[in-house]
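**Student:** Once you've had a glance at the structure underneath, I'll fire off some questions.
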Amino acid sequence: MKRRIWNVVRMEWAGIAATPSSLLFLVVIPLVLVGQALLLSWIVPRFVNPAILGPSATDANALRLLILRQFPFFVLLIPAMVANVFATLGIVEEKVSRTLEPLLATPVRTWELLAGKILSGALPGLLVAWASAALFVGVGYALGWGSLLRSVLTATFFLDVLLLMPAVSLLSFILGVIGSSRARDAKEAQNLAVLVVFPIFALIAIQVTGLVEFTPVRTLLLALAFFAVDAILLRGAVRLFARESIVTRWS
Amino acid sequence: MGKTMMGHAVISTEGLSKRFGNRVAVDSLTVAVGAGEIVGLLGPNGAGKTTTLRMLAGIIAPSAGHAVVDGRDPASEPENVHESVGFLTESPGFYERLSAERNLAYFAAFYEGIDAKAAAARELARLGLADRARDKVGTFSKGMKQRLALARVLLHEPRILFLDEPTAGLDPEAARNLRELIVSLKKDGCTILLSTHNLSEAEELSDRIAVFRTRLVAIDTPRALRESQFERRLRVRLDGGTETCLAALRGEPYVRDAHEEEDGVLTMLLSDPDRDRPRLVARIVQAGGQVLEVREDERPLEDVYLSLVREEEA
Ligand SMILES: Nc1ncnc2c1ncn2[C@@H]1O[C@H](COP(=O)(O)OP(=O)(O)OP(=O)(O)O)[C@@H](O)[C@H]1O
Ligand SMILES: [Mg+2]
């Protein structure tokens, strides 16, 4: 069982390594997001009219802190996007190359195949997201925002990065799989799977407006809720995937 | 359960049916295939051959009825069936950006207790692709991909093979090599179900031929199928004296019909061609005919097939 799952993971990676340009987004997306978060925190307090902001540096820092706090939600986008791209690439490629039927003729179980694909997409997604978080913190300290960051790096931050992010990247992957098993081509699949970005934007919006405060308990509950949705959708995805329509219609 | 030619049934179906929406693709198929037997599956486009093989291989579930392959139901335990079955799918798909070797090793690694790399190398060599092992499959010709697909099917040395149009797209030499491979697999004891549109290939390879058109039209040895549709005729080529011979033969009780088909060639219908042939020849010689050639006027399998399919249509 483990052997078969690993076999899928290694093959996915081999396929992606065979076209190194597809790896570019693994580097570009996180750099853009980290850079954006840091740039905004740096620039915005400088250019906002002091009349509005008030003269004191504390107000500028308060604004900066508000922006820095969005970062954990920004990084949620990373695994979501990476998992999503991997999922659609991985499934759509089976479709385009007509490898699914020969694959289903081997003793591999549907769930093993999906587990392999999940790991192959979610692992790099998480790694990149964690690396981005580390980069963010590192650069933040280098910019001398140590004291500000200390109030960003709360229990919530770690729950967010360690639990919520995996849950979201799983969700993104599953939606990618469902999207691509329903869709006729890669574009359609990605259009469907991109839906996962909306809940993330909603989270960011809620955070920015301060409607709900993200306490550790709430973040934990949110992550658990995501995992629950994942579990339900995953069962659906396995069933959808096992459906013969994929073999017979995917041609 | 239908009778088989050899041994116990390795593949059997009972009322196996598949419908897609309102369209019936396979209607209540009941057959049994014995161990070591090759059964050729013939039928027009859309007859349900691929659908049948997919059901037997546990890729799609039947709408009704069931199948037993190697003692197991492919619908309920497909993975176990896959351990002993090799299924050559209609379209041989590969990961085109990766090498032939890598592709095969990937598929091999899903089977229990196989050294994936060794199996890949062995089958590449067997299919004559060893020198292209490291090339990307995307650079392969259609026929090479077809051979690679067959290599993939053999990785786990299955005892049962479902081959969906195995020689489609192969050049004559490659097709012949592949037929020889199929024969050698049979010698090793494989049971093979083979779908093809190549009638002479079906006849050459198959112990029995199943003519299929949504329903099973007929299943039997090529010879028996032929006899079911056409009477056996004897062709005798003579060097002169056809008139007297014809007159003499028409008086014989075992000659049911005799006429001169073309110049110097007599065609005859005998009561029992095997029993009556020697005395027929003796009678011709006695009547002064110079016999150049005596042979059975065998109708091509194509005629037999078309006759069966049209009969079904009517
Ligand atoms: N997924 C599907 N949805 C709807 N109809 C299908 C599907 N798959 C097959 N069919 C129908 O089932 C019938 C049998 O198809 P099948 O592919 O089994 O034929 P075949 O005998 O293999 O034909 P060919 O010789 O062209 O390969 C056809 O009418 C086909 O249109
Ligand atoms: Mg077919």
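Every chain in the structure tokens has a letter given in the order shown (A, B, ...), and although residue numbers restart at 1 in each chain, ligands are simply numbered from 1 in the order shown.
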Please identify every polymer residue within 10 Å of ligand 2, using only C-alpha atoms and all ligand atoms, and present the set as a VMD selection string.
**Tutor:** chain B and resid 43 to 54 89 to 91 164 to 165 195 to 197
**Student:** Any idea what's packed within 9 Å of Arg69 of chain A, counting only C-alpha atoms, ignoring anything in its chain fewer than 3 positions away? Could you give it as a list in words?
**Tutor:** Arg64, Leu65, Leu66, Pro72, Phe73, Leu149, Ser151, Val152, Leu153, Phe157, Gln207 and Val208 of chain A
**Student:** Can you write out the residues you just picked, keeping C-alpha atoms, as a compact mmCIF listing (two decimals), in the first residue's frame?
**Tutor:**
# COMPACT_ATOMS: atom_id res chain seq x y z
CA ARG A 64 1.87 48.27 9.72
CA LEU A 65 0.89 45.66 12.26
CA LEU A 66 -2.58 45.48 10.78
CA PRO A 72 -0.83 34.31 7.55
CA PHE A 73 -3.91 34.48 5.40
CA LEU A 149 6.42 40.60 14.55
CA SER A 151 2.69 40.34 18.21
CA VAL A 152 2.10 38.65 14.84
CA LEU A 153 3.77 35.37 15.80
CA PHE A 157 -0.17 32.28 13.64
CA GLN A 207 -9.75 39.55 9.35
CA VAL A 208 -9.22 43.01 7.81
**Student:** Give me, as a PyMOL selection string, all polymer residues having an atom no more than 9 Å from Ser169 of chain A, counting only C-alpha atoms and skipping those fewer than 6 positions away in the same chain.
**Tutor:** chain A and resi 76-84+121-122+125-126
**Student:** Kindly save the residues from that selection, with all heavy atoms included, as a PDB file, in the first residue's frame.
**Tutor:**
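Final output, saved to selection.pdb:
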ATOM      1  N   LEU A  76      -1.863  31.322   3.059  1.00  0.00           N
ATOM      2  CA  LEU A  76      -2.827  30.261   2.783  1.00  0.00           C
ATOM      3  C   LEU A  76      -3.002  30.066   1.280  1.00  0.00           C
ATOM      4  O   LEU A  76      -3.313  28.981   0.809  1.00  0.00           O
ATOM      5  CB  LEU A  76      -4.191  30.609   3.384  1.00  0.00           C
ATOM      6  CG  LEU A  76      -4.352  30.418   4.875  1.00  0.00           C
ATOM      7  CD1 LEU A  76      -5.741  30.850   5.283  1.00  0.00           C
ATOM      8  CD2 LEU A  76      -4.137  28.959   5.216  1.00  0.00           C
ATOM      9  N   LEU A  77      -2.809  31.163   0.578  1.00  0.00           N
ATOM     10  CA  LEU A  77      -2.996  31.080  -0.870  1.00  0.00           C
ATOM     11  C   LEU A  77      -1.938  30.190  -1.526  1.00  0.00           C
ATOM     12  O   LEU A  77      -2.183  29.607  -2.566  1.00  0.00           O
ATOM     13  CB  LEU A  77      -2.907  32.480  -1.484  1.00  0.00           C
ATOM     14  CG  LEU A  77      -4.117  33.374  -1.268  1.00  0.00           C
ATOM     15  CD1 LEU A  77      -3.796  34.787  -1.743  1.00  0.00           C
ATOM     16  CD2 LEU A  77      -5.314  32.824  -2.016  1.00  0.00           C
ATOM     17  N   ILE A  78      -0.774  30.129  -0.893  1.00  0.00           N
ATOM     18  CA  ILE A  78       0.326  29.410  -1.546  1.00  0.00           C
ATOM     19  C   ILE A  78       0.033  27.925  -1.689  1.00  0.00           C
ATOM     20  O   ILE A  78      -0.012  27.405  -2.803  1.00  0.00           O
ATOM     21  CB  ILE A  78       1.661  29.637  -0.811  1.00  0.00           C
ATOM     22  CG1 ILE A  78       1.975  31.132  -0.807  1.00  0.00           C
ATOM     23  CG2 ILE A  78       2.774  28.846  -1.473  1.00  0.00           C
ATOM     24  CD1 ILE A  78       3.180  31.477   0.029  1.00  0.00           C
ATOM     25  N   PRO A  79      -0.191  27.233  -0.557  1.00  0.00           N
ATOM     26  CA  PRO A  79      -0.451  25.801  -0.736  1.00  0.00           C
ATOM     27  C   PRO A  79      -1.700  25.575  -1.569  1.00  0.00           C
ATOM     28  O   PRO A  79      -1.776  24.612  -2.332  1.00  0.00           O
ATOM     29  CB  PRO A  79      -0.642  25.284   0.685  1.00  0.00           C
ATOM     30  CG  PRO A  79      -0.879  26.474   1.527  1.00  0.00           C
ATOM     31  CD  PRO A  79      -0.224  27.629   0.856  1.00  0.00           C
ATOM     32  N   ALA A  80      -2.662  26.481  -1.423  1.00  0.00           N
ATOM     33  CA  ALA A  80      -3.887  26.309  -2.198  1.00  0.00           C
ATOM     34  C   ALA A  80      -3.573  26.321  -3.681  1.00  0.00           C
ATOM     35  O   ALA A  80      -3.997  25.444  -4.430  1.00  0.00           O
ATOM     36  CB  ALA A  80      -4.881  27.413  -1.857  1.00  0.00           C
ATOM     37  N   MET A  81      -2.778  27.298  -4.083  1.00  0.00           N
ATOM     38  CA  MET A  81      -2.477  27.396  -5.511  1.00  0.00           C
ATOM     39  C   MET A  81      -1.602  26.245  -5.977  1.00  0.00           C
ATOM     40  O   MET A  81      -1.848  25.654  -7.036  1.00  0.00           O
ATOM     41  CB  MET A  81      -1.752  28.709  -5.805  1.00  0.00           C
ATOM     42  CG  MET A  81      -2.690  29.884  -5.774  1.00  0.00           C
ATOM     43  SD  MET A  81      -1.723  31.399  -5.892  1.00  0.00           S
ATOM     44  CE  MET A  81      -2.997  32.544  -6.397  1.00  0.00           C
ATOM     45  N   VAL A  82      -0.593  25.928  -5.175  1.00  0.00           N
ATOM     46  CA  VAL A  82       0.328  24.869  -5.594  1.00  0.00           C
ATOM     47  C   VAL A  82      -0.410  23.538  -5.696  1.00  0.00           C
ATOM     48  O   VAL A  82      -0.325  22.835  -6.708  1.00  0.00           O
ATOM     49  CB  VAL A  82       1.519  24.766  -4.616  1.00  0.00           C
ATOM     50  CG1 VAL A  82       2.375  23.552  -4.950  1.00  0.00           C
ATOM     51  CG2 VAL A  82       2.356  26.027  -4.686  1.00  0.00           C
ATOM     52  N   ALA A  83      -1.177  23.233  -4.640  1.00  0.00           N
ATOM     53  CA  ALA A  83      -1.900  21.961  -4.644  1.00  0.00           C
ATOM     54  C   ALA A  83      -2.838  21.908  -5.837  1.00  0.00           C
ATOM     55  O   ALA A  83      -2.969  20.885  -6.516  1.00  0.00           O
ATOM     56  CB  ALA A  83      -2.685  21.796  -3.350  1.00  0.00           C
ATOM     57  N   ASN A  84      -3.453  23.033  -6.066  1.00  0.00           N
ATOM     58  CA  ASN A  84      -4.409  23.115  -7.149  1.00  0.00           C
ATOM     59  C   ASN A  84      -3.779  22.870  -8.510  1.00  0.00           C
ATOM     60  O   ASN A  84      -4.284  22.106  -9.330  1.00  0.00           O
ATOM     61  CB  ASN A  84      -4.977  24.525  -7.106  1.00  0.00           C
ATOM     62  CG  ASN A  84      -6.261  24.595  -7.830  1.00  0.00           C
ATOM     63  OD1 ASN A  84      -6.244  24.489  -9.039  1.00  0.00           O
ATOM     64  ND2 ASN A  84      -7.342  24.719  -7.107  1.00  0.00           N
ATOM     65  N   GLY A 121       1.129  16.835  -4.406  1.00  0.00           N
ATOM     66  CA  GLY A 121       0.796  18.248  -4.559  1.00  0.00           C
ATOM     67  C   GLY A 121       0.828  18.997  -3.249  1.00  0.00           C
ATOM     68  O   GLY A 121       1.332  20.124  -3.154  1.00  0.00           O
ATOM     69  N   ALA A 122       0.302  18.371  -2.189  1.00  0.00           N
ATOM     70  CA  ALA A 122       0.176  19.078  -0.924  1.00  0.00           C
ATOM     71  C   ALA A 122       1.524  19.249  -0.234  1.00  0.00           C
ATOM     72  O   ALA A 122       1.781  20.285   0.386  1.00  0.00           O
ATOM     73  CB  ALA A 122      -0.808  18.347  -0.009  1.00  0.00           C
ATOM     74  N   GLY A 125       3.424  22.119  -1.684  1.00  0.00           N
ATOM     75  CA  GLY A 125       2.646  23.311  -1.350  1.00  0.00           C
ATOM     76  C   GLY A 125       2.930  23.764   0.070  1.00  0.00           C
ATOM     77  O   GLY A 125       3.212  24.942   0.332  1.00  0.00           O
ATOM     78  N   LEU A 126       2.888  22.790   0.983  1.00  0.00           N
ATOM     79  CA  LEU A 126       3.133  23.119   2.385  1.00  0.00           C
ATOM     80  C   LEU A 126       4.565  23.578   2.599  1.00  0.00           C
ATOM     81  O   LEU A 126       4.820  24.558   3.308  1.00  0.00           O
ATOM     82  CB  LEU A 126       2.857  21.895   3.251  1.00  0.00           C
ATOM     83  CG  LEU A 126       1.388  21.683   3.593  1.00  0.00           C
ATOM     84  CD1 LEU A 126       1.232  20.426   4.424  1.00  0.00           C
ATOM     85  CD2 LEU A 126       0.839  22.887   4.338  1.00  0.00           C
TER      86      LEU A 126
END
**Student:** Identify, with DSSP run on backbone atoms, the residues in segment 32-281 of chain B assigned to strand (DSSP E or B), and express the list as a ChimeraX atom specification.
**Tutor:** /B:32-34,38-42,64-69,72,85-88,99,136,160-164,191-195,208-213,215-220,233-238,255-262,265-270
**Student:** Check every residue of chain A for an atom within 12 Å of chain B, counting only C-alpha atoms, and provide those that qualify as a ChimeraX atom specification.
**Tutor:** /A:1-20,90,92-110,112-113,241-251
